[in-house]
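This is query19.cif (mmCIF, C-alpha atoms).
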```cif
data_protein
loop_
_atom_site.group_PDB
_atom_site.id
_atom_site.type_symbol
_atom_site.label_atom_id
_atom_site.label_comp_id
_atom_site.auth_asym_id
_atom_site.auth_seq_id
_atom_site.Cartn_x
_atom_site.Cartn_y
_atom_site.Cartn_z
ATOM 1 C CA MET A 1365 0.000 0.000 0.000
ATOM 2 C CA GLN A 1366 1.213 3.343 -0.847
ATOM 3 C CA PRO A 1367 1.145 6.177 1.605
ATOM 4 C CA GLN A 1368 -1.670 8.590 0.955
ATOM 5 C CA PRO A 1369 -0.599 12.161 0.367
ATOM 6 C CA ALA A 1370 -1.446 14.461 3.194
ATOM 7 C CA SER A 1371 -4.760 16.153 2.737
ATOM 8 C CA PRO A 1372 -4.391 19.693 1.590
ATOM 9 C CA VAL A 1373 -4.475 22.265 4.317
ATOM 10 C CA PRO A 1374 -7.747 24.185 4.050
ATOM 11 C CA GLN A 1375 -7.196 27.714 2.895
ATOM 12 C CA HIS A 1376 -8.800 30.230 5.199
ATOM 13 C CA ALA A 1377 -10.448 33.334 3.824
ATOM 14 C CA PRO A 1378 -8.575 36.479 4.634
ATOM 15 C CA PRO A 1379 -9.847 38.126 7.773
ATOM 16 C CA PRO A 1380 -12.452 40.809 7.120
ATOM 17 C CA LYS A 1381 -11.129 44.306 6.842
ATOM 18 C CA SER A 1382 -11.622 46.316 9.921
ATOM 19 C CA GLY A 1383 -12.658 49.980 9.825
ATOM 20 C CA PRO A 1384 -15.493 51.879 8.203
ATOM 21 C CA ASN A 1385 -16.887 51.150 4.786
ATOM 22 C CA TRP A 1386 -16.260 54.556 3.221
ATOM 23 C CA LEU A 1387 -18.298 53.887 0.112
ATOM 24 C CA LYS A 1388 -21.398 53.203 2.197
ATOM 25 C CA ILE A 1389 -20.818 56.270 4.405
ATOM 26 C CA VAL A 1390 -20.346 58.558 1.404
ATOM 27 C CA GLY A 1391 -23.470 57.104 -0.273
ATOM 28 C CA ILE A 1392 -25.628 57.661 2.805
ATOM 29 C CA GLY A 1393 -24.240 61.187 3.246
ATOM 30 C CA CYS A 1394 -25.027 62.067 -0.361
ATOM 31 C CA GLY A 1395 -28.520 60.609 0.010
ATOM 32 C CA VAL A 1396 -29.170 62.786 3.068
ATOM 33 C CA LEU A 1397 -27.934 65.894 1.222
ATOM 34 C CA VAL A 1398 -30.158 65.129 -1.767
ATOM 35 C CA LEU A 1399 -33.158 64.677 0.553
ATOM 36 C CA LEU A 1400 -32.456 67.993 2.327
ATOM 37 C CA ALA A 1401 -32.060 69.783 -1.012
ATOM 38 C CA ALA A 1402 -35.372 68.332 -2.223
ATOM 39 C CA LEU A 1403 -37.154 69.480 0.945
ATOM 40 C CA CYS A 1404 -35.696 72.983 0.641
ATOM 41 C CA GLY A 1405 -36.653 73.113 -3.027
ATOM 42 C CA ALA A 1406 -40.225 72.035 -2.261
ATOM 43 C CA GLY A 1407 -40.487 74.685 0.455
ATOM 44 C CA MET A 1408 -39.275 77.402 -1.911
ATOM 45 C CA PHE A 1409 -41.676 76.192 -4.603
ATOM 46 C CA PHE A 1410 -44.700 76.424 -2.308
ATOM 47 C CA PHE A 1411 -43.619 79.820 -0.950
ATOM 48 C CA CYS A 1412 -43.188 81.224 -4.459
ATOM 49 C CA LYS A 1413 -46.475 79.674 -5.563
ATOM 50 C CA SER A 1414 -48.208 81.379 -2.624
ATOM 51 C CA VAL A 1415 -46.782 84.794 -3.537
ATOM 52 C CA THR A 1416 -47.614 84.264 -7.208
ATOM 53 C CA ALA A 1417 -51.215 83.332 -6.360
ATOM 54 C CA SER A 1418 -51.764 86.579 -4.444
ATOM 55 C CA LYS A 1419 -50.124 88.538 -7.270
ATOM 56 C CA ASP A 1420 -52.447 86.851 -9.786
ATOM 57 C CA ASP A 1421 -55.502 87.811 -7.715
ATOM 58 C CA ALA A 1422 -54.222 91.401 -7.429
ATOM 59 C CA GLN A 1423 -53.751 91.534 -11.213
ATOM 60 C CA ALA A 1424 -57.266 90.150 -11.732
ATOM 61 C CA PHE A 1425 -58.699 92.828 -9.411
ATOM 62 C CA LEU A 1426 -56.925 95.586 -11.357
ATOM 63 C CA GLY A 1427 -58.008 94.042 -14.664
ATOM 64 C CA GLU A 1428 -61.633 94.066 -13.553
ATOM 65 C CA LEU A 1429 -61.381 97.742 -12.612
ATOM 66 C CA ARG A 1430 -59.684 98.470 -15.948
ATOM 67 C CA ALA A 1431 -62.578 96.749 -17.742
ATOM 68 C CA GLY A 1432 -65.136 98.714 -15.710
ATOM 69 C CA ASP A 1433 -66.409 95.628 -13.851
ATOM 70 C CA THR A 1434 -66.483 97.170 -10.381
ATOM 71 C CA ALA A 1435 -68.930 94.523 -9.108
ATOM 72 C CA ALA A 1436 -66.389 91.743 -9.771
ATOM 73 C CA ALA A 1437 -63.589 93.828 -8.240
ATOM 74 C CA TYR A 1438 -65.798 94.547 -5.210
ATOM 75 C CA ALA A 1439 -66.290 90.780 -4.760
ATOM 76 C CA ARG A 1440 -62.497 90.474 -4.360
ATOM 77 C CA MET A 1441 -62.485 92.846 -1.388
ATOM 78 C CA ASP A 1442 -62.156 91.506 2.154
ATOM 79 C CA PRO A 1443 -65.525 90.429 3.657
ATOM 80 C CA GLY A 1444 -64.966 92.908 6.511
ATOM 81 C CA TYR A 1445 -64.670 95.760 4.000
ATOM 82 C CA ARG A 1446 -67.807 94.594 2.168
ATOM 83 C CA ALA A 1447 -69.700 94.439 5.475
ATOM 84 C CA ARG A 1448 -68.932 98.127 6.093
ATOM 85 C CA HIS A 1449 -69.306 99.354 2.484
ATOM 86 C CA ASP A 1450 -71.860 98.669 -0.183
ATOM 87 C CA LEU A 1451 -71.035 98.480 -3.885
ATOM 88 C CA ALA A 1452 -71.991 102.137 -4.473
ATOM 89 C CA SER A 1453 -69.552 103.417 -1.820
ATOM 90 C CA PHE A 1454 -66.824 101.159 -3.254
ATOM 91 C CA GLN A 1455 -67.468 102.635 -6.706
ATOM 92 C CA GLN A 1456 -67.252 106.160 -5.239
ATOM 93 C CA GLY A 1457 -63.962 105.257 -3.540
ATOM 94 C CA VAL A 1458 -62.542 103.885 -6.778
ATOM 95 C CA ALA A 1459 -63.591 107.097 -8.544
ATOM 96 C CA THR A 1460 -61.387 109.107 -6.146
ATOM 97 C CA LEU A 1461 -58.385 107.092 -7.382
ATOM 98 C CA PRO A 1462 -58.585 107.494 -11.193
ATOM 99 C CA ALA A 1463 -55.385 105.519 -11.787
ATOM 100 C CA LEU A 1464 -57.285 102.366 -10.799
ATOM 101 C CA SER A 1465 -59.701 102.523 -13.699
ATOM 102 C CA SER A 1466 -57.287 104.061 -16.216
ATOM 103 C CA ASN A 1467 -54.399 101.649 -15.639
ATOM 104 C CA VAL A 1468 -53.164 99.692 -18.631
ATOM 105 C CA ASP A 1469 -50.782 97.449 -16.702
ATOM 106 C CA ALA A 1470 -49.437 96.783 -13.239
ATOM 107 C CA THR A 1471 -45.991 95.583 -12.264
ATOM 108 C CA PHE A 1472 -45.357 94.349 -8.727
ATOM 109 C CA THR A 1473 -41.695 94.511 -7.765
ATOM 110 C CA SER A 1474 -41.839 94.003 -4.008
ATOM 111 C CA PHE A 1475 -43.427 91.043 -2.221
ATOM 112 C CA ASN A 1476 -43.534 90.626 1.526
ATOM 113 C CA VAL A 1477 -45.380 87.836 3.329
ATOM 114 C CA ASN A 1478 -45.786 88.177 7.085
ATOM 115 C CA ASN A 1479 -48.173 85.999 9.109
ATOM 116 C CA GLY A 1480 -50.313 85.305 6.054
ATOM 117 C CA LEU A 1481 -50.553 88.977 5.018
ATOM 118 C CA HIS A 1482 -49.217 89.531 1.504
ATOM 119 C CA ASP A 1483 -47.905 93.055 0.926
ATOM 120 C CA LEU A 1484 -47.418 93.801 -2.785
ATOM 121 C CA ARG A 1485 -45.839 97.029 -4.018
ATOM 122 C CA GLY A 1486 -45.237 98.174 -7.527
ATOM 123 C CA THR A 1487 -46.295 100.536 -10.279
ATOM 124 C CA LEU A 1488 -49.482 101.082 -12.241
ATOM 125 C CA THR A 1489 -48.921 102.137 -15.827
ATOM 126 C CA THR A 1490 -51.466 104.800 -16.763
ATOM 127 C CA PRO A 1491 -51.875 107.138 -19.736
ATOM 128 C CA THR A 1492 -50.623 110.004 -17.547
ATOM 129 C CA GLY A 1493 -47.554 108.091 -16.344
ATOM 130 C CA PRO A 1494 -46.536 105.576 -13.695
ATOM 131 C CA VAL A 1495 -48.324 105.596 -10.340
ATOM 132 C CA PRO A 1496 -47.101 103.707 -7.256
ATOM 133 C CA ILE A 1497 -49.463 101.068 -5.871
ATOM 134 C CA ARG A 1498 -49.540 99.044 -2.682
ATOM 135 C CA MET A 1499 -51.962 96.190 -2.066
ATOM 136 C CA THR A 1500 -52.334 93.928 0.941
ATOM 137 C CA LEU A 1501 -54.091 90.610 0.569
ATOM 138 C CA VAL A 1502 -54.953 87.599 2.726
ATOM 139 C CA SER A 1503 -56.106 84.133 1.826
ATOM 140 C CA GLY A 1504 -59.862 84.054 1.683
ATOM 141 C CA GLY A 1505 -61.754 80.997 0.527
ATOM 142 C CA SER A 1506 -60.877 80.182 -3.067
ATOM 143 C CA GLY A 1507 -58.181 82.830 -3.465
ATOM 144 C CA TYR A 1508 -56.772 86.008 -1.978
ATOM 145 C CA VAL A 1509 -58.897 89.009 -0.996
ATOM 146 C CA ILE A 1510 -57.810 92.636 -0.846
ATOM 147 C CA THR A 1511 -57.536 94.039 2.671
ATOM 148 C CA GLY A 1512 -55.751 97.260 1.798
ATOM 149 C CA LEU A 1513 -55.241 99.381 -1.292
ATOM 150 C CA GLU A 1514 -53.134 102.503 -1.722
ATOM 151 C CA VAL A 1515 -52.631 104.267 -5.048
ATOM 152 C CA GLY A 1516 -50.237 107.157 -5.450
ATOM 153 C CA GLY A 1517 -49.846 107.321 -1.673
ATOM 154 C CA ARG A 1518 -53.618 107.666 -1.138
ATOM 155 C CA PRO A 1519 -55.604 104.825 0.416
ATOM 156 C CA LEU A 1520 -58.954 103.645 -0.873
ATOM 157 C CA PRO A 1521 -61.378 105.775 1.153
ATOM 158 C CA PRO A 1522 -62.804 103.879 4.133
#
```
Show me this structure written as structure tokens.
Amino acid sequence: MQPQPASPVPQHAPPPKSGPNWLKIVGIGCGVLVLLAALCGAGMFFFCKSVTASKDDAQAFLGELRAGDTAAAYARMDPGYRARHDLASFQQGVATLPALSSNVDATFTSFNVNNGLHDLRGTLTTPTGPVPIRMTLVSGGSGYVITGLEVGGRPLPP
């Protein structure tokens, strides 16, 4: 009988590397940064959308006055204002600010939102030249309602 060769010595796997897995750490870190950036982007989107919505309602109000539809513009006023003023007194107030009905365009260049109150400032373009305008709006039902209006430094008569 011939001697059997010695059985091969089992090869052991190299011991696992100790220390952090940098690829995994970098991947998780990048994922967290992407998530934070997405949340910030969504917040900015909704903030800008909110300001744009109030600006759109302000433009619609001015467009209705430009078209002579004071009843529709009156409906965009704050319910508290409408409770104190009827349509006829609103029309008289608008008549004291001729730039409202003679405007051909409005450009809002300053937006400030504080506790839900949107303060828009800009310029009305009229046939006699530019006139400064300031409007304050709050969310009201299906859109924004006008709580304050100042044209050429003069407020809409109370």
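For region 1428-1444 of chain A, the list of residues within 6 Å, based on all atoms listed in the file and with local chain neighbours fewer than 5 positions off taken out, reads Ser1465, Val1509, Ile1510 and Thr1511 of chain A.
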Exactly which residues make up the result of the PyMOL selection byres ((chain A and resi 1513-1518) around 7) on this file, given as a PyMOL selection string?
chain A and resi 1461+1495-1500+1512+1519-1520
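Residues in contact with Ser1418 (chain A) at up to 12 Å, not including ones fewer than 6 positions away on its chain and judged by only C-alpha atoms, are Phe1411, Cys1412, Ala1424, Phe1425, Arg1440, Phe1472, Phe1475, Asn1476, Val1477, Gly1480, Leu1481, His1482, Asp1483, Leu1484, Met1499, Thr1500, Leu1501, Val1502, Ser1503, Gly1504, Ser1506, Gly1507, Tyr1508, Val1509, Ile1510 and Thr1511 of chain A.
Under the PyMOL selection byres ((chain A and resi 1466) around 9), the matching residues in the shown file are Leu1429, Arg1430, Pro1462, Ala1463, Leu1464, Ser1465, Asn1467, Val1468, Thr1489, Thr1490 and Pro1491 of chain A.
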Keeping only C-alpha atoms, write those residues as an mmCIF file, in the coordinates of the input.
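selection17.cif, freshly written:
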```cif
data_model
loop_
_atom_site.group_PDB
_atom_site.id
_atom_site.type_symbol
_atom_site.label_atom_id
_atom_site.label_comp_id
_atom_site.auth_asym_id
_atom_site.auth_seq_id
_atom_site.Cartn_x
_atom_site.Cartn_y
_atom_site.Cartn_z
ATOM 1 C CA LEU A 1429 -61.381 97.742 -12.612
ATOM 2 C CA ARG A 1430 -59.684 98.470 -15.948
ATOM 3 C CA PRO A 1462 -58.585 107.494 -11.193
ATOM 4 C CA ALA A 1463 -55.385 105.519 -11.787
ATOM 5 C CA LEU A 1464 -57.285 102.366 -10.799
ATOM 6 C CA SER A 1465 -59.701 102.523 -13.699
ATOM 7 C CA ASN A 1467 -54.399 101.649 -15.639
ATOM 8 C CA VAL A 1468 -53.164 99.692 -18.631
ATOM 9 C CA THR A 1489 -48.921 102.137 -15.827
ATOM 10 C CA THR A 1490 -51.466 104.800 -16.763
ATOM 11 C CA PRO A 1491 -51.875 107.138 -19.736
#
```
Correct to one decimal, the distance CA of Ala1470 (chain A)-CA of Arg1446 (chain A) is 24.1 Å
Give me, please, the distance in Å between CA of Ser1474 (chain A) and CA of Asp1420 (chain A), quoted to one decimal.
14.0 Å
Could you tell me how far CA of Val1458 (chain A) sits from CA of Pro1522 (chain A), in Å to one decimal place?
10.9 Å
Export region 1448-1485 of chain A of the preceding structure, keeping N, CA and C atoms, as an mmCIF file, in the first residue's frame.
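What ended up in selection_34.cif:
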```cif
data_model
loop_
_atom_site.group_PDB
_atom_site.id
_atom_site.type_symbol
_atom_site.label_atom_id
_atom_site.label_comp_id
_atom_site.auth_asym_id
_atom_site.auth_seq_id
_atom_site.Cartn_x
_atom_site.Cartn_y
_atom_site.Cartn_z
ATOM 1 N N ARG A 1448 -68.852 96.711 5.720
ATOM 2 C CA ARG A 1448 -68.932 98.127 6.093
ATOM 3 C C ARG A 1448 -69.274 99.034 4.913
ATOM 4 N N HIS A 1449 -69.104 98.534 3.682
ATOM 5 C CA HIS A 1449 -69.306 99.354 2.484
ATOM 6 C C HIS A 1449 -70.174 98.595 1.482
ATOM 7 N N ASP A 1450 -71.094 99.295 0.900
ATOM 8 C CA ASP A 1450 -71.860 98.669 -0.183
ATOM 9 C C ASP A 1450 -71.135 98.924 -1.504
ATOM 10 N N LEU A 1451 -71.670 98.350 -2.571
ATOM 11 C CA LEU A 1451 -71.035 98.480 -3.885
ATOM 12 C C LEU A 1451 -70.954 99.943 -4.319
ATOM 13 N N ALA A 1452 -71.988 100.722 -4.045
ATOM 14 C CA ALA A 1452 -71.991 102.137 -4.473
ATOM 15 C C ALA A 1452 -70.866 102.925 -3.792
ATOM 16 N N SER A 1453 -70.633 102.682 -2.493
ATOM 17 C CA SER A 1453 -69.552 103.417 -1.820
ATOM 18 C C SER A 1453 -68.184 102.934 -2.298
ATOM 19 N N PHE A 1454 -68.074 101.661 -2.668
ATOM 20 C CA PHE A 1454 -66.824 101.159 -3.254
ATOM 21 C C PHE A 1454 -66.568 101.859 -4.583
ATOM 22 N N GLN A 1455 -67.610 101.975 -5.402
ATOM 23 C CA GLN A 1455 -67.468 102.635 -6.706
ATOM 24 C C GLN A 1455 -67.071 104.098 -6.522
ATOM 25 N N GLN A 1456 -67.631 104.771 -5.515
ATOM 26 C CA GLN A 1456 -67.252 106.160 -5.239
ATOM 27 C C GLN A 1456 -65.791 106.240 -4.798
ATOM 28 N N GLY A 1457 -65.359 105.287 -3.977
ATOM 29 C CA GLY A 1457 -63.962 105.257 -3.540
ATOM 30 C C GLY A 1457 -63.008 105.046 -4.695
ATOM 31 N N VAL A 1458 -63.370 104.138 -5.594
ATOM 32 C CA VAL A 1458 -62.542 103.885 -6.778
ATOM 33 C C VAL A 1458 -62.476 105.137 -7.647
ATOM 34 N N ALA A 1459 -63.563 105.875 -7.728
ATOM 35 C CA ALA A 1459 -63.591 107.097 -8.544
ATOM 36 C C ALA A 1459 -62.630 108.156 -8.016
ATOM 37 N N THR A 1460 -62.331 108.125 -6.703
ATOM 38 C CA THR A 1460 -61.387 109.107 -6.146
ATOM 39 C C THR A 1460 -59.935 108.749 -6.480
ATOM 40 N N LEU A 1461 -59.727 107.536 -6.983
ATOM 41 C CA LEU A 1461 -58.385 107.092 -7.382
ATOM 42 C C LEU A 1461 -58.421 106.745 -8.872
ATOM 43 N N PRO A 1462 -58.393 107.739 -9.759
ATOM 44 C CA PRO A 1462 -58.585 107.494 -11.193
ATOM 45 C C PRO A 1462 -57.556 106.551 -11.814
ATOM 46 N N ALA A 1463 -56.393 106.421 -11.217
ATOM 47 C CA ALA A 1463 -55.385 105.519 -11.787
ATOM 48 C C ALA A 1463 -55.858 104.067 -11.760
ATOM 49 N N LEU A 1464 -56.776 103.741 -10.864
ATOM 50 C CA LEU A 1464 -57.285 102.366 -10.799
ATOM 51 C C LEU A 1464 -58.040 101.979 -12.062
ATOM 52 N N SER A 1465 -58.893 102.862 -12.526
ATOM 53 C CA SER A 1465 -59.701 102.523 -13.699
ATOM 54 C C SER A 1465 -59.005 102.854 -15.012
ATOM 55 N N SER A 1466 -57.975 103.705 -14.969
ATOM 56 C CA SER A 1466 -57.287 104.061 -16.216
ATOM 57 C C SER A 1466 -55.978 103.298 -16.408
ATOM 58 N N ASN A 1467 -55.672 102.363 -15.502
ATOM 59 C CA ASN A 1467 -54.399 101.649 -15.639
ATOM 60 C C ASN A 1467 -54.431 100.742 -16.856
ATOM 61 N N VAL A 1468 -53.277 100.605 -17.493
ATOM 62 C CA VAL A 1468 -53.164 99.692 -18.631
ATOM 63 C C VAL A 1468 -52.317 98.475 -18.269
ATOM 64 N N ASP A 1469 -51.601 98.575 -17.159
ATOM 65 C CA ASP A 1469 -50.782 97.449 -16.702
ATOM 66 C C ASP A 1469 -50.338 97.721 -15.274
ATOM 67 N N ALA A 1470 -49.979 96.661 -14.591
ATOM 68 C CA ALA A 1470 -49.437 96.783 -13.239
ATOM 69 C C ALA A 1470 -48.232 95.864 -13.124
ATOM 70 N N THR A 1471 -47.196 96.364 -12.502
ATOM 71 C CA THR A 1471 -45.991 95.583 -12.264
ATOM 72 C C THR A 1471 -45.704 95.623 -10.767
ATOM 73 N N PHE A 1472 -45.670 94.437 -10.151
ATOM 74 C CA PHE A 1472 -45.357 94.349 -8.727
ATOM 75 C C PHE A 1472 -43.903 93.932 -8.589
ATOM 76 N N THR A 1473 -43.129 94.755 -7.888
ATOM 77 C CA THR A 1473 -41.695 94.511 -7.765
ATOM 78 C C THR A 1473 -41.280 94.144 -6.354
ATOM 79 N N SER A 1474 -42.183 94.306 -5.389
ATOM 80 C CA SER A 1474 -41.839 94.003 -4.008
ATOM 81 C C SER A 1474 -42.930 93.118 -3.411
ATOM 82 N N PHE A 1475 -42.508 91.987 -2.853
ATOM 83 C CA PHE A 1475 -43.427 91.043 -2.221
ATOM 84 C C PHE A 1475 -42.959 90.811 -0.802
ATOM 85 N N ASN A 1476 -43.868 90.918 0.139
ATOM 86 C CA ASN A 1476 -43.534 90.626 1.526
ATOM 87 C C ASN A 1476 -44.683 89.816 2.117
ATOM 88 N N VAL A 1477 -44.369 88.674 2.696
ATOM 89 C CA VAL A 1477 -45.380 87.836 3.329
ATOM 90 C C VAL A 1477 -45.046 87.769 4.805
ATOM 91 N N ASN A 1478 -46.000 88.182 5.645
ATOM 92 C CA ASN A 1478 -45.786 88.177 7.085
ATOM 93 C C ASN A 1478 -47.072 87.711 7.766
ATOM 94 N N ASN A 1479 -47.008 86.563 8.414
ATOM 95 C CA ASN A 1479 -48.173 85.999 9.109
ATOM 96 C C ASN A 1479 -49.399 85.909 8.204
ATOM 97 N N GLY A 1480 -49.203 85.486 6.981
ATOM 98 C CA GLY A 1480 -50.313 85.305 6.054
ATOM 99 C C GLY A 1480 -50.770 86.567 5.342
ATOM 100 N N LEU A 1481 -50.200 87.718 5.677
ATOM 101 C CA LEU A 1481 -50.553 88.977 5.018
ATOM 102 C C LEU A 1481 -49.552 89.216 3.885
ATOM 103 N N HIS A 1482 -50.061 89.311 2.678
ATOM 104 C CA HIS A 1482 -49.217 89.531 1.504
ATOM 105 C C HIS A 1482 -49.228 91.016 1.186
ATOM 106 N N ASP A 1483 -48.065 91.626 1.211
ATOM 107 C CA ASP A 1483 -47.905 93.055 0.926
ATOM 108 C C ASP A 1483 -47.214 93.165 -0.431
ATOM 109 N N LEU A 1484 -47.945 93.660 -1.426
ATOM 110 C CA LEU A 1484 -47.418 93.801 -2.785
ATOM 111 C C LEU A 1484 -47.254 95.287 -3.098
ATOM 112 N N ARG A 1485 -46.101 95.634 -3.633
ATOM 113 C CA ARG A 1485 -45.839 97.029 -4.018
ATOM 114 C C ARG A 1485 -45.307 97.048 -5.439
#
```
